[in-house]
Structures are given as C-alpha cells and as structure tokens.
Amino acid sequence: MNKTYKIKFHAEDIMNYKEYMDIIHELSFWYHEKITEVNKMYEDLLSRKDYTESFHIIHQHKELIVELIQRLVSRFPLEDLEMGIYLSNSFARGTNLIDSDIDLNFMYEDFEKGKVLEELISNALATILWKYRDFVHDSISHRMPTDNEVMEKDDEVVYEISLKGKVIENKITKGNEKLMYRLYHSKKDLNSFIKYYTEQLNDDALGEWIYFQTEIYSSPDYLSRLFSYIHETENHTAHLKLNEYREYLLRTLNLEVQKISTLDIRDISEFKKYFKNTIYRYVYETLILLKKECIIQEKNSSFIDVKDLLPLLKSEYTKDIINQYFGNIMLLNYICDLYGIEFRTRYSKPISEEFKKFYQEKMEEDVDFVEKFKDLAKELLSSLIKEIELVNRYEHHTTSYDPLTEQINIQNYSPLSHINNISKAYQKDAFLLPWIEKNGVLVPIHPDTLDDLNISRKDVSRYETVYPTSSFRTVYSEDKNICYKLPVLRQITRSVRSMPNKEMMRSEIASKELSKYTYPGFSYLEEQCFYGEEEIFNYLIRYMPDKKIYPWFYCIASKHFSKEFQIQAIENMICIWMYYASKGIYFESAHTQNFLVDEDTNIYYRDLSDIRILNHEMMTPSYMRELKDKKEMLSIFFDRSMCSQNIEHFITYCEDVTGEDIQYIKSVIQREIEKYNLEFPNYSMNYDKNREGHHPVKTKLVRLRDC
C-alpha cells in the first residue's frame, strides 16, 4: 500500500499567516518586475546572438536571485541562531540558466528551530519564483547520511506549515520524494558538514564547494570556524596531485573529443546531462587546474564564478569559445522554456521533430541542434586541451607585454615624479620580489617594506623576478603576465603608499560596478584582492591581457606611433570617460599612467581603486565637501586628469599636430558632453599647489573645453 509522508512544521511562534503572505506578495511584486529585465536580455541575446555578453546576462540573473534571497532572509528572526546560509551549484558557479534550481544550503545547530525557519524561507522562495517546492532545495545536506526509511515508487511526501490562522501544504513533485525526505532528515550542524566533506569526499569536491558558493547570511564567528578549517585542509592537500590531475584531465578530454561524434542523444534529459553538466564540469576543472597551477598561493581568495576564472586562460580564442558555447546553451534553455519543455535532467522524453523545427525557427538556422552542439563541444574541449598544454610550458611562456615600455612613463607621468623614496635598485631594472609565510600562506612583500619592517632575509620562502611599473608599488611578473600591487611605507608623489583595507575594498566595488556596463573597445584590468592578517600584508593581483599593449604615455613620447593613431586613441578615451561618467562612474586618475592602448587603439584601464562612484561613500573623494557642486567634480576629474595630464601631453610631444587636430579633439569632447547631457562648469578645477593634500581650487577653463 502506498504511503504519504507528511512532514509538519509548526511556525506559530514565528509569525502569523497574514505576515507571511505579506512578505511573499511584497517580494513577488519586486522580483517579477526585475525578472522581466532579465528576460529581455535573453530575448536580446536571441535576436542578436552576440555571445560576448553571455556571462554578463548570467551574472545579472545571479545578482537578482542573490538579492531576492537576501531580502527574503532578512525578514526572518535569525539573530539568535548559529546559522549559515549559502547559495551553491549553478547560481554560485555562474552557469545558471533561466529555469535553474535554487540550491539554497542551510547549516544550523538548533535543529528544531532551524528546520522551521529553513522551510518558511524555502517555501516563500518557491512561491515567489513560481517554482515547485523541490526546485528550491539543499544541495549540501541531502547528500549527508540519512535514516534508513525505504520509500516505494508511488509514495508521496507532503510538507505542511502551520501558521497562526492557516495551514500551508506543499506536495512534492513526482520523482523527488526520496530527495526531499532525505533532506528533511539530514544533519545540518557544522560538525556534520565538515565530517562529510573531509572524510567522505576527496579534496577536489571540497575545492569545488569552497570555490563556487555565495554567502547569503552567517551568524558571527559561525562561518569563520568552518572556512578556517576548510582553508587549512585545502592548503595542505590541494597542490599534492597537480601533475597527476593534469595528466588525467588531458587524457579524459582527448578521449571525450573522440567520443562526441558517436553520442546518441535522444531526449532533453540526456542532452542536459552531457552538453550542459558534463561539458561545464570539464570547463571548471580546467579553470581550477589553471588557478592552482598558476597562482597556488591564492587559496585564501574570495569566492568566484566562471567569469572571474576566465582571465586565467591564456588564449582569447578559448574565452570566446566558452562564451559562445554557454550562450548557445542559454538560448536552447530559453527556447525550451518558450516551447514548454523543461530543460532538466528529470525531463526524460524524446526530442520531437516539432521541437527541432521550433528551435530552427527561433535560431533562424537550418541545423540539427544536437549535431550543432557536438561540433561546439568538440571545439570547446579541444581549446581546453590547448590551455592545459600551455601550463606544461608555463615557465617558458613569454608574454606580449614589454615592461621596459614603463620607463618613459616612470620618468614623465606626473609633475611630482621626482618625489619617490623607493630605493634606486627597484626603480628601473628587474629585481627579486620576496615571498614570506604568514600563517601558512605565502605573501609577496616589496623589498623596501621587508627592510622597513626589519624582516630578516632568512624568513623569505622564495623569490620571483619582477619589473617596476610607473606605479612603483605595482610590479610586473613577466613569467605569469600579472602585476602585484603591494604596500610600501615610503612616499611616492603625494603620499605614503600603504595598502589599507579601504583601498582594497574600493577595488572590489569598482570591479563590481564596472562589470554592469560594457563599452566597445574598452576593458579594465581585472584585480583580485588578498587581505593579510595585518594591512601591511595586503596585496592584489592584476591580470594583464595576453596581447601587445602599451602604456599610453609610451605611445605619446616614444614617437613610434602615428599622429592619426594617437588622435583615434584620444577620441576613444574621451568617449569611454563620458560614457562611464553618465553611469555615475568616474575615472579620476585617467592620466597617462592608468591608460594602456593596443595596436587597434582599444583602451585598457588599470588601478580600479582610483575610480570614483559617488553613490558609494567609500568611493567618494574626501575633498567632495570642498566642492561647490557636482559640476566642479566633473571638472576636476576630466579637466585635470584627461585634459591637462593626458591630452596636452600629446599636443606637446607630437611635432606635426595642427590647430585643426586640436579643434577636432575639442569637438569630440563637446559632442560627448552633449550626448550624455553632462553638466560641466564654465571654469576648471585643479589642486591647490600651495597646500599639502588634495584641495580643489577654481582655475581658468582648460583650452580643450573652451569652445
């Protein structure tokens, strides 16, 4: 006889039915307004098929879900509980699709109260998202040891929540009864979690979880205990099998490429298991391998998703292939959704000819989509193989960036360049960067700082060859094609260049805000922050593009670039500056030090902590209170940095510049100001040269804005 397992949750002491439904109604209205914008992005992707934006759409979708859950969680009394809540799997990894499950993981010590709150939150989330209750589940805990209850094929599971005034029931959809029943019985305390991941799973599974998850809520000290243990475990084991794992992955990928042609895919379930789940697993395993191989000391990094790992790839071609592949997966999922098919591993029904025609119509292409994805998967896996093979030659890899081009910048980028207390030995030529161990983690430290802190050279674990850049505390590693930005306790131009947490946080905020917008021909150099036990051990890594790029001042002063090239680069910079200013993002230090240019006049910006965003208090300059209004802020950012410390250099150094050229640059500036309706004052601003620090004063209007 079939049974119904009724699982009851008594929530009368937490809230009444009306309060609960009010929360759901309020957040439903907010969410469905926002998800409409995400759907428009999918529609736009379908119409344009511009796959470069694939992970941007995924990221926007993920940010919406994270904000929704955080808003929801904040409405429940969690303060008295030792609890951690995470979002994991596809949404945390950054491979979420339009109908992905919400894998919301709970850990708590008080089983009775924690379980009720978990169900209230999960049920509300399922209702807001218009999903079945079992589409919102706990991907961690349902794999932990459970009781031995045996369920028959047609048994049912019903969740029942008792609130003041009403009972809410949820019947679990067919096929998920055992999953949800196991989930209910699972132990969710910290010890159970640690035991499961450190005794029953290998280090790669532990690494997957710690790399790809998003923290939603945590009680004080609860998660710090967990992560300190996990980091310790991973730090001691992650590097031991890299060579073996690299060879295994290469063998597996090569075999998979050969196997793809013979695959017989009959239904959406099989399709998703292979082309989404399996292929994605190879992508992230390759990215994690590259992360461990190239930057093993980064084990204490913040949590990441696919778009954050892509810079580790050496080939722009591979990045494009990954974007294109997952863009096509996203579109297939979206088309399934339009057609009424679940793009899920549980949807085990033959793919009909009608659906194939529907797909061809929407994609406007006459191809069999299974065969198309076989070709895409072959190309993707082949590119991953090449990336791993590059790791084998990593020590011998030569990059496109020439650090010697920094020397012109070093001598000329600022009128205060002569104020530089960095030791002469570290100002021009390559030198050895020391790494010391702090609490089991290797940390780079500038040689001057090493001496200023009286740290013995005997404490150095290893050295790495680096080159100085025009920002002297930023040094370039040619072997890795990355820059390290390090604290120094010596004055350079206006101040002592330490690396306080505030500066690191500004970099993270700037990166998050810049990721919301794209402009053709513009990139910013990604930065990853590493916080030390003391601020003096903070540092960040800046990822350089793997192509030929030049500091902008080098383009001006070297005389190796034509006037036309430089004017086109200047026009691009002006357009970029004005576009981001219209979005509330200001490149304050947009002078020649922070701009780089490639051979196609594409622009790259470095040093994210120098960006200003006025709706973030931390990103607002201290001298704002000395300004009369926002107009003056535009002037000091643009007139001083872009005009006086940037374009005027070009006019000075370029021998064949004409009055017509200057007039053209002025017209571009005026055109872009009018385009975005930016309110500049009819005068300029600069810093008071008679006072220490940054104190803005009104000056004569710069000629490039004088129309």
# chains A, B, ... in the order shown; residues from 1 in each chain; ligands from 1
>>> residues_around(residues="segment 111-117 of chain A", least_positions_apart="2", cutoff="10 Å", atoms="only C-alpha atoms", output="ChimeraX atom specification")
/A:8-11,14,73,76-78,81-83,106-109,119-123,161-162,184-189
>>> atom_distance(atom1="atom CA of Tyr604 of chain A", atom2="atom CA of Arg93 of chain A")
26.7 Å
>>> select_by_dssp(residues="segment 432-556 of chain A", states="strand (DSSP E or B)", output="JSON, numbers by chain")
{"A": [432, 433, 434, 435, 436, 437, 438, 441, 442, 443, 444, 460, 461, 462, 463, 464, 465, 466, 467, 468, 474, 475, 476, 477, 482, 483, 484, 485, 491, 492, 495, 496, 522, 523, 524, 527, 528, 529, 530, 539, 540, 541, 542, 543, 549, 550, 551]}
>>> residues_around(residues="segment 559-570 of chain A", least_positions_apart="4", cutoff="9 Å", atoms="only C-alpha atoms", output="number ranges by chain")
A: 552, 554-555, 574-575, 597, 599-603, 646-647, 650, 653-657, 661, 665
>>> write_last_selection(atoms="N, CA and C atoms", output="PDB file, in the first residue's frame")
ATOM      1  N   TRP A 552      49.977  54.403 -22.291  1.00  0.00           N
ATOM      2  CA  TRP A 552      49.583  55.493 -23.176  1.00  0.00           C
ATOM      3  C   TRP A 552      50.694  56.529 -23.334  1.00  0.00           C
ATOM      4  N   TYR A 554      53.806  56.028 -23.277  1.00  0.00           N
ATOM      5  CA  TYR A 554      54.801  55.467 -24.193  1.00  0.00           C
ATOM      6  C   TYR A 554      54.396  55.738 -25.642  1.00  0.00           C
ATOM      7  N   CYS A 555      53.099  55.597 -25.939  1.00  0.00           N
ATOM      8  CA  CYS A 555      52.611  55.877 -27.296  1.00  0.00           C
ATOM      9  C   CYS A 555      52.875  57.335 -27.676  1.00  0.00           C
ATOM     10  N   ILE A 574      38.120  59.639 -24.622  1.00  0.00           N
ATOM     11  CA  ILE A 574      37.099  60.635 -24.280  1.00  0.00           C
ATOM     12  C   ILE A 574      35.716  59.992 -24.261  1.00  0.00           C
ATOM     13  N   CYS A 575      35.413  59.212 -25.289  1.00  0.00           N
ATOM     14  CA  CYS A 575      34.096  58.553 -25.369  1.00  0.00           C
ATOM     15  C   CYS A 575      33.883  57.624 -24.177  1.00  0.00           C
ATOM     16  N   VAL A 597      47.037  51.104 -24.273  1.00  0.00           N
ATOM     17  CA  VAL A 597      46.443  51.075 -25.608  1.00  0.00           C
ATOM     18  C   VAL A 597      47.026  49.889 -26.371  1.00  0.00           C
ATOM     19  N   GLU A 599      47.312  47.799 -30.336  1.00  0.00           N
ATOM     20  CA  GLU A 599      47.641  48.247 -31.692  1.00  0.00           C
ATOM     21  C   GLU A 599      46.415  48.581 -32.530  1.00  0.00           C
ATOM     22  N   ASP A 600      45.214  48.281 -31.996  1.00  0.00           N
ATOM     23  CA  ASP A 600      43.965  48.648 -32.670  1.00  0.00           C
ATOM     24  C   ASP A 600      43.285  49.830 -31.988  1.00  0.00           C
ATOM     25  N   THR A 601      44.022  50.543 -31.145  1.00  0.00           N
ATOM     26  CA  THR A 601      43.551  51.693 -30.346  1.00  0.00           C
ATOM     27  C   THR A 601      42.441  51.323 -29.368  1.00  0.00           C
ATOM     28  N   ASN A 602      42.330  50.031 -29.022  1.00  0.00           N
ATOM     29  CA  ASN A 602      41.458  49.656 -27.901  1.00  0.00           C
ATOM     30  C   ASN A 602      42.104  50.143 -26.609  1.00  0.00           C
ATOM     31  N   ILE A 603      41.264  50.520 -25.649  1.00  0.00           N
ATOM     32  CA  ILE A 603      41.745  51.149 -24.427  1.00  0.00           C
ATOM     33  C   ILE A 603      41.585  50.200 -23.240  1.00  0.00           C
ATOM     34  N   ASN A 646      46.898  64.559 -19.763  1.00  0.00           N
ATOM     35  CA  ASN A 646      46.765  63.470 -20.713  1.00  0.00           C
ATOM     36  C   ASN A 646      46.847  63.990 -22.145  1.00  0.00           C
ATOM     37  N   ILE A 647      45.778  64.660 -22.595  1.00  0.00           N
ATOM     38  CA  ILE A 647      45.737  65.096 -23.992  1.00  0.00           C
ATOM     39  C   ILE A 647      46.782  66.172 -24.268  1.00  0.00           C
ATOM     40  N   PHE A 650      50.028  64.866 -25.422  1.00  0.00           N
ATOM     41  CA  PHE A 650      50.052  64.546 -26.851  1.00  0.00           C
ATOM     42  C   PHE A 650      50.354  65.798 -27.676  1.00  0.00           C
ATOM     43  N   TYR A 653      54.098  66.690 -27.285  1.00  0.00           N
ATOM     44  CA  TYR A 653      55.093  65.773 -27.834  1.00  0.00           C
ATOM     45  C   TYR A 653      54.944  65.553 -29.339  1.00  0.00           C
ATOM     46  N   CYS A 654      53.717  65.666 -29.855  1.00  0.00           N
ATOM     47  CA  CYS A 654      53.501  65.369 -31.272  1.00  0.00           C
ATOM     48  C   CYS A 654      53.906  66.585 -32.112  1.00  0.00           C
ATOM     49  N   GLU A 655      54.966  66.445 -32.918  1.00  0.00           N
ATOM     50  CA  GLU A 655      55.551  67.587 -33.620  1.00  0.00           C
ATOM     51  C   GLU A 655      54.675  68.083 -34.772  1.00  0.00           C
ATOM     52  N   ASP A 656      53.853  67.191 -35.361  1.00  0.00           N
ATOM     53  CA  ASP A 656      53.065  67.631 -36.513  1.00  0.00           C
ATOM     54  C   ASP A 656      51.593  67.858 -36.171  1.00  0.00           C
ATOM     55  N   VAL A 657      51.276  68.036 -34.890  1.00  0.00           N
ATOM     56  CA  VAL A 657      49.897  68.328 -34.524  1.00  0.00           C
ATOM     57  C   VAL A 657      49.527  69.718 -35.037  1.00  0.00           C
ATOM     58  N   ASP A 661      43.697  69.641 -35.695  1.00  0.00           N
ATOM     59  CA  ASP A 661      43.674  68.454 -34.830  1.00  0.00           C
ATOM     60  C   ASP A 661      43.132  68.813 -33.441  1.00  0.00           C
ATOM     61  N   ILE A 665      39.676  67.474 -31.535  1.00  0.00           N
ATOM     62  CA  ILE A 665      39.601  66.890 -30.180  1.00  0.00           C
ATOM     63  C   ILE A 665      38.595  67.667 -29.332  1.00  0.00           C
TER      64      ILE A 665
END
>>> residues_around(residues="Tyr217 of chain A", least_positions_apart="5", cutoff="9 Å", atoms="only C-alpha atoms", output="list in words")
Gln70, Val73, Ser74, Met83, Gly84, Ile85 and Tyr86 of chain A
>>> residues_around(residues="segment 315-330 of chain A", least_positions_apart="6", cutoff="7 Å", atoms="only C-alpha atoms", output="ChimeraX atom specification")
/A:51-52,54-55,97,376,380,383
>>> write_last_selection(atoms="C-alpha atoms", output="mmCIF file, in the first residue's frame")
data_model
loop_
_atom_site.group_PDB
_atom_site.id
_atom_site.type_symbol
_atom_site.label_atom_id
_atom_site.label_comp_id
_atom_site.auth_asym_id
_atom_site.auth_seq_id
_atom_site.Cartn_x
_atom_site.Cartn_y
_atom_site.Cartn_z
ATOM 1 C CA TYR A 51 27.705 35.690 -27.256
ATOM 2 C CA THR A 52 30.271 38.038 -25.738
ATOM 3 C CA SER A 54 26.617 35.545 -22.220
ATOM 4 C CA PHE A 55 28.221 35.611 -18.798
ATOM 5 C CA LEU A 97 20.089 29.178 -16.745
ATOM 6 C CA LEU A 376 30.583 23.241 -30.440
ATOM 7 C CA LEU A 380 35.459 23.793 -26.732
ATOM 8 C CA SER A 383 40.605 24.544 -26.819
#
>>> residues_around(residues="Glu53 of chain A", least_positions_apart="4", cutoff="10 Å", atoms="only C-alpha atoms", output="VMD selection string")
chain A and resid 41 45 49 57 to 59 323 to 324 327 518
